[in-house]
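Just below is one structure, and these are the notes that go with it.
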Amino acid sequence: MMPVDSIKGKKKKQEQVKKNSVKSTKWIGTYSPDSCCTVYAKNHNLYLFFIEDSVEIQLTTDGVPNYSYAGKNRDTTGKMVTANVEWMADSKHFYVEREDKRGMASLYLVNTLGKGRPTLNEYKFAMPGDEHVQRNELHLFSVEQKKEVELPVEKWKDQTLTVYKAGRPTKNLYFLRKKRTCDEMEFCRVIPETGEVKVVIHEKCEPYFRGVL
């Protein structure tokens, strides 16, 4: 009969080999801290992939150009690319920052430094007084529920949103939202387990803030 300590040591060694094998395999996307799954973008939408079972789950369906989960409006048609994903330290939640540039007007640059004819570069840019401006969004997802956790982030029309995190991997998640008129802002904390948003600091200044909070 094999000694108990020997059995435990063999089992521990097998688990370590399995863990190292998972880490050594290169999967596309952003790994969870426990290396059990990864998240990537495809066709402008988010996908969650469980490495051990090789199961792919589509998390979103509303991703389109200029409103993509991939970030930087990259072309994700028919291929997998890394997304702007940040994992929470417990590997149970992750979040994505998303930009909505639909409806924004374009600006153009003429590149005359290359060889041959000049080329035209187009990009989205909001000018002062434009009706449509870039909107920033924060999306939180639960690995256990395999879906998005609804967050009451938007409070003001055309607000700006800046996300802050504490720890690496992220242990606490915060964001700063500010009105387009720049006279009111709130610093908030996100509770991933419940989707609750708690206002930590609320500031109002007239006619407007000259700097950041």
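Here, A, B, ... name the chains of the structure tokens in the order displayed, residue numbers run from 1 inside each chain, and ligands are numbered from 1 in the same displayed order.
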Near-Trp87 in chain A list (10 Å; only C-alpha atoms; drop same-chain fewer than 4 positions) as a PyMOL selection string:
chain A and resi 30-33+38-39+91-96+140-141+168-171
Quick one: everything within 7 Å of Leu48 in chain A, counting only C-alpha atoms, minus sequence neighbours fewer than 2 positions away in the same chain. Send it as a compact mmCIF listing (two decimals) with N, CA, C and O atoms, in the first residue's frame.
```
# COMPACT_ATOMS: atom_id res chain seq x y z
N THR A 38 -10.45 32.94 -20.56
CA THR A 38 -9.93 34.12 -21.24
C THR A 38 -11.07 34.82 -21.96
O THR A 38 -12.08 34.19 -22.29
N VAL A 39 -10.91 36.11 -22.19
CA VAL A 39 -11.94 36.91 -22.86
C VAL A 39 -11.32 37.58 -24.07
O VAL A 39 -10.21 38.11 -24.01
N TYR A 40 -12.03 37.55 -25.20
CA TYR A 40 -11.55 38.19 -26.42
C TYR A 40 -12.73 38.76 -27.19
O TYR A 40 -13.91 38.55 -26.83
N LEU A 46 -18.02 40.50 -27.41
CA LEU A 46 -17.18 39.82 -26.42
C LEU A 46 -17.52 38.34 -26.32
O LEU A 46 -18.69 37.95 -26.38
N PHE A 50 -13.76 29.13 -21.75
CA PHE A 50 -13.30 28.31 -20.62
C PHE A 50 -12.25 27.33 -21.14
O PHE A 50 -12.56 26.48 -21.98
N GLU A 56 -16.84 28.04 -25.63
CA GLU A 56 -16.90 29.45 -25.96
C GLU A 56 -18.32 29.96 -25.76
O GLU A 56 -19.28 29.35 -26.21
N ILE A 57 -18.45 31.10 -25.06
CA ILE A 57 -19.76 31.69 -24.78
C ILE A 57 -19.76 33.13 -25.27
O ILE A 57 -18.90 33.92 -24.88
N GLN A 58 -20.72 33.47 -26.12
CA GLN A 58 -20.86 34.84 -26.59
C GLN A 58 -21.61 35.64 -25.54
O GLN A 58 -22.72 35.32 -25.14
N LEU A 59 -20.99 36.74 -25.09
CA LEU A 59 -21.56 37.53 -24.00
C LEU A 59 -22.37 38.72 -24.49
O LEU A 59 -23.28 39.17 -23.80
```
Using only C-alpha atoms, which protein or nucleic acid residues come within 12 Å of Gly78 in chain A? Drop anything in the same chain fewer than 5 positions from it, and give the result as a PyMOL selection string.
chain A and resi 41-45
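Residues lying within 6 Å of Tyr67 in chain A, counting only C-alpha atoms and ignoring same-chain neighbours fewer than 3 positions away, are A:Gly63, A:Val64, A:Glu99, A:Asp100.
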Just-selected residues, N, CA and C atoms written as a PDB file, in the first residue's frame:
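The resulting part-v6.pdb:
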```
ATOM      1  N   GLY A  63     -22.362  44.763 -30.506  1.00  0.00           N
ATOM      2  CA  GLY A  63     -21.127  45.391 -30.949  1.00  0.00           C
ATOM      3  C   GLY A  63     -21.130  45.672 -32.441  1.00  0.00           C
ATOM      4  N   VAL A  64     -20.790  46.888 -32.819  1.00  0.00           N
ATOM      5  CA  VAL A  64     -20.722  47.301 -34.227  1.00  0.00           C
ATOM      6  C   VAL A  64     -19.544  48.254 -34.382  1.00  0.00           C
ATOM      7  N   GLU A  99     -16.322  52.707 -26.077  1.00  0.00           N
ATOM      8  CA  GLU A  99     -16.523  54.037 -26.635  1.00  0.00           C
ATOM      9  C   GLU A  99     -17.623  54.004 -27.692  1.00  0.00           C
ATOM     10  N   ASP A 100     -18.532  54.971 -27.596  1.00  0.00           N
ATOM     11  CA  ASP A 100     -19.602  55.096 -28.588  1.00  0.00           C
ATOM     12  C   ASP A 100     -19.325  56.346 -29.431  1.00  0.00           C
TER      13      ASP A 100
END
```
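When CA of Thr82 in chain A is paired with CA of Lys157 in chain A, their separation reads 29.8 Å.
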Counting only C-alpha atoms, the option among A:Arg135, A:Lys124, A:Ala89, A:Thr112 closest to Gly167 in chain A:
A:Ala89
Atom pair CA of Ala126 in chain A / CA of Lys165 in chain A: separation (Å)
27.4 Å
Name the residues of range 22-178 of chain A that come out as strand (DSSP E) in a backbone DSSP run; write them as number ranges by chain.
A: 30-31, 37-42, 45-50, 55-58, 80-81, 85-87, 93-100, 106-111, 119-124, 135-142, 147-149, 160-166, 172-178
Show which residues sit within 8 Å of Phe175 in chain A, as a PyMOL selection string. Count only C-alpha atoms, and ignore same-chain residues fewer than 6 positions away.
chain A and resi 161-164+187-190
Since we have the selection now, will you write its residues out, keeping N, CA, C and O atoms, as a CSV table (one decimal), in the first residue's frame?
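That gives us part14.csv:
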```
chain,number,residue,atom,x,y,z
A,161,LEU,N,-16.7,59.8,-18.7
A,161,LEU,CA,-16.5,58.8,-17.7
A,161,LEU,C,-15.1,58.3,-17.7
A,161,LEU,O,-14.5,58.0,-18.7
A,162,THR,N,-14.5,58.3,-16.5
A,162,THR,CA,-13.1,57.9,-16.3
A,162,THR,C,-13.1,56.8,-15.3
A,162,THR,O,-13.6,57.0,-14.2
A,163,VAL,N,-12.5,55.7,-15.6
A,163,VAL,CA,-12.4,54.5,-14.7
A,163,VAL,C,-11.1,54.4,-14.0
A,163,VAL,O,-10.1,54.7,-14.6
A,164,TYR,N,-11.2,54.1,-12.7
A,164,TYR,CA,-10.0,54.0,-11.9
A,164,TYR,C,-10.1,52.6,-11.2
A,164,TYR,O,-11.2,52.1,-10.8
A,187,PHE,N,-17.6,60.9,-7.8
A,187,PHE,CA,-16.7,59.8,-7.8
A,187,PHE,C,-17.4,58.7,-7.1
A,187,PHE,O,-17.9,58.8,-6.0
A,188,CYS,N,-17.5,57.5,-7.8
A,188,CYS,CA,-18.3,56.4,-7.4
A,188,CYS,C,-17.5,55.1,-7.2
A,188,CYS,O,-16.5,54.9,-7.9
A,189,ARG,N,-18.0,54.2,-6.4
A,189,ARG,CA,-17.4,52.9,-6.3
A,189,ARG,C,-18.4,51.8,-6.8
A,189,ARG,O,-19.6,51.9,-6.5
A,190,VAL,N,-17.9,50.8,-7.5
A,190,VAL,CA,-18.7,49.7,-8.0
A,190,VAL,C,-18.6,48.5,-7.1
A,190,VAL,O,-17.5,48.1,-6.7
```
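For the pair CA of Asn136 in chain A and CA of Gly71 in chain A, the interatomic distance is 11.2 Å.
Residues in contact with His132 in chain A at 9 Å, where only C-alpha atoms are counted and same-chain residues fewer than 2 positions away are skipped, are listed as Lys101, Arg102, Gly103, Met104, Ala105, Ala126, Gly129, Asp130, Gln134, Arg135 and Asp158 of chain A.
Using only C-alpha atoms, the nearest neighbour of Tyr69 in chain A within the list A:Lys179, A:Arg210, A:Lys204, A:Arg98 is A:Arg98.
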Sel. of alpha helix (DSSP H) residues, chain A, as a PyMOL selection string
chain A and resi 4-24
Dump of N, CA, C and O atoms for the selected residues, as a PDB file, in the first residue's frame:
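After the write, result-v1.pdb holds the following:
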```
ATOM      1  N   VAL A   4       0.212   7.537   2.595  1.00  0.00           N
ATOM      2  CA  VAL A   4      -0.701   8.654   2.363  1.00  0.00           C
ATOM      3  C   VAL A   4       0.042   9.892   1.893  1.00  0.00           C
ATOM      4  O   VAL A   4      -0.382  10.597   0.977  1.00  0.00           O
ATOM      5  N   ASP A   5       1.213  10.170   2.507  1.00  0.00           N
ATOM      6  CA  ASP A   5       1.999  11.347   2.126  1.00  0.00           C
ATOM      7  C   ASP A   5       2.448  11.263   0.682  1.00  0.00           C
ATOM      8  O   ASP A   5       2.494  12.259  -0.039  1.00  0.00           O
ATOM      9  N   SER A   6       2.769  10.036   0.219  1.00  0.00           N
ATOM     10  CA  SER A   6       3.208   9.841  -1.154  1.00  0.00           C
ATOM     11  C   SER A   6       2.065  10.099  -2.129  1.00  0.00           C
ATOM     12  O   SER A   6       2.252  10.685  -3.196  1.00  0.00           O
ATOM     13  N   ILE A   7       0.855   9.644  -1.751  1.00  0.00           N
ATOM     14  CA  ILE A   7      -0.320   9.854  -2.598  1.00  0.00           C
ATOM     15  C   ILE A   7      -0.635  11.337  -2.715  1.00  0.00           C
ATOM     16  O   ILE A   7      -0.892  11.862  -3.795  1.00  0.00           O
ATOM     17  N   LYS A   8      -0.576  12.054  -1.577  1.00  0.00           N
ATOM     18  CA  LYS A   8      -0.856  13.486  -1.584  1.00  0.00           C
ATOM     19  C   LYS A   8       0.171  14.236  -2.418  1.00  0.00           C
ATOM     20  O   LYS A   8      -0.142  15.152  -3.158  1.00  0.00           O
ATOM     21  N   GLY A   9       1.452  13.812  -2.287  1.00  0.00           N
ATOM     22  CA  GLY A   9       2.517  14.472  -3.043  1.00  0.00           C
ATOM     23  C   GLY A   9       2.358  14.263  -4.538  1.00  0.00           C
ATOM     24  O   GLY A   9       2.572  15.174  -5.331  1.00  0.00           O
ATOM     25  N   LYS A  10       1.951  13.033  -4.940  1.00  0.00           N
ATOM     26  CA  LYS A  10       1.745  12.727  -6.351  1.00  0.00           C
ATOM     27  C   LYS A  10       0.583  13.522  -6.920  1.00  0.00           C
ATOM     28  O   LYS A  10       0.649  14.043  -8.038  1.00  0.00           O
ATOM     29  N   LYS A  11      -0.505  13.634  -6.129  1.00  0.00           N
ATOM     30  CA  LYS A  11      -1.676  14.379  -6.569  1.00  0.00           C
ATOM     31  C   LYS A  11      -1.352  15.853  -6.736  1.00  0.00           C
ATOM     32  O   LYS A  11      -1.767  16.500  -7.704  1.00  0.00           O
ATOM     33  N   LYS A  12      -0.590  16.398  -5.788  1.00  0.00           N
ATOM     34  CA  LYS A  12      -0.203  17.807  -5.845  1.00  0.00           C
ATOM     35  C   LYS A  12       0.670  18.076  -7.060  1.00  0.00           C
ATOM     36  O   LYS A  12       0.537  19.095  -7.732  1.00  0.00           O
ATOM     37  N   LYS A  13       1.561  17.126  -7.374  1.00  0.00           N
ATOM     38  CA  LYS A  13       2.451  17.271  -8.522  1.00  0.00           C
ATOM     39  C   LYS A  13       1.649  17.246  -9.818  1.00  0.00           C
ATOM     40  O   LYS A  13       1.914  18.015 -10.744  1.00  0.00           O
ATOM     41  N   GLN A  14       0.640  16.363  -9.908  1.00  0.00           N
ATOM     42  CA  GLN A  14      -0.196  16.283 -11.096  1.00  0.00           C
ATOM     43  C   GLN A  14      -0.984  17.577 -11.306  1.00  0.00           C
ATOM     44  O   GLN A  14      -1.128  18.060 -12.421  1.00  0.00           O
ATOM     45  N   GLU A  15      -1.506  18.158 -10.203  1.00  0.00           N
ATOM     46  CA  GLU A  15      -2.243  19.406 -10.292  1.00  0.00           C
ATOM     47  C   GLU A  15      -1.339  20.535 -10.766  1.00  0.00           C
ATOM     48  O   GLU A  15      -1.743  21.387 -11.546  1.00  0.00           O
ATOM     49  N   GLN A  16      -0.091  20.532 -10.285  1.00  0.00           N
ATOM     50  CA  GLN A  16       0.854  21.571 -10.684  1.00  0.00           C
ATOM     51  C   GLN A  16       1.217  21.444 -12.159  1.00  0.00           C
ATOM     52  O   GLN A  16       1.308  22.432 -12.882  1.00  0.00           O
ATOM     53  N   VAL A  17       1.398  20.206 -12.624  1.00  0.00           N
ATOM     54  CA  VAL A  17       1.710  19.970 -14.038  1.00  0.00           C
ATOM     55  C   VAL A  17       0.567  20.433 -14.908  1.00  0.00           C
ATOM     56  O   VAL A  17       0.767  21.052 -15.966  1.00  0.00           O
ATOM     57  N   LYS A  18      -0.671  20.152 -14.488  1.00  0.00           N
ATOM     58  CA  LYS A  18      -1.847  20.550 -15.238  1.00  0.00           C
ATOM     59  C   LYS A  18      -1.963  22.060 -15.323  1.00  0.00           C
ATOM     60  O   LYS A  18      -2.254  22.632 -16.361  1.00  0.00           O
ATOM     61  N   LYS A  19      -1.691  22.734 -14.193  1.00  0.00           N
ATOM     62  CA  LYS A  19      -1.755  24.192 -14.147  1.00  0.00           C
ATOM     63  C   LYS A  19      -0.704  24.804 -15.049  1.00  0.00           C
ATOM     64  O   LYS A  19      -0.964  25.750 -15.786  1.00  0.00           O
ATOM     65  N   ASN A  20       0.509  24.257 -15.000  1.00  0.00           N
ATOM     66  CA  ASN A  20       1.588  24.769 -15.844  1.00  0.00           C
ATOM     67  C   ASN A  20       1.292  24.544 -17.320  1.00  0.00           C
ATOM     68  O   ASN A  20       1.631  25.354 -18.175  1.00  0.00           O
ATOM     69  N   SER A  21       0.627  23.407 -17.628  1.00  0.00           N
ATOM     70  CA  SER A  21       0.291  23.091 -19.003  1.00  0.00           C
ATOM     71  C   SER A  21      -0.718  24.089 -19.561  1.00  0.00           C
ATOM     72  O   SER A  21      -0.639  24.520 -20.700  1.00  0.00           O
ATOM     73  N   VAL A  22      -1.692  24.477 -18.709  1.00  0.00           N
ATOM     74  CA  VAL A  22      -2.695  25.445 -19.129  1.00  0.00           C
ATOM     75  C   VAL A  22      -2.043  26.790 -19.404  1.00  0.00           C
ATOM     76  O   VAL A  22      -2.324  27.460 -20.380  1.00  0.00           O
ATOM     77  N   LYS A  23      -1.120  27.211 -18.518  1.00  0.00           N
ATOM     78  CA  LYS A  23      -0.463  28.495 -18.677  1.00  0.00           C
ATOM     79  C   LYS A  23       0.463  28.511 -19.884  1.00  0.00           C
ATOM     80  O   LYS A  23       0.676  29.546 -20.503  1.00  0.00           O
ATOM     81  N   SER A  24       1.042  27.347 -20.216  1.00  0.00           N
ATOM     82  CA  SER A  24       1.991  27.308 -21.318  1.00  0.00           C
ATOM     83  C   SER A  24       1.303  27.360 -22.674  1.00  0.00           C
ATOM     84  O   SER A  24       1.907  27.704 -23.672  1.00  0.00           O
TER      85      SER A  24
END
```
Which is closer to Leu120 in chain A than all the others in A:Val133, A:Glu97, A:Ser35, A:Ser106, using only C-alpha atoms?
A:Ser106
Pick out the closest residue to Ala70 in chain A from this set: A:Tyr208, A:Glu122, A:Ala83, A:Val55. Count only C-alpha atoms.
A:Ala83
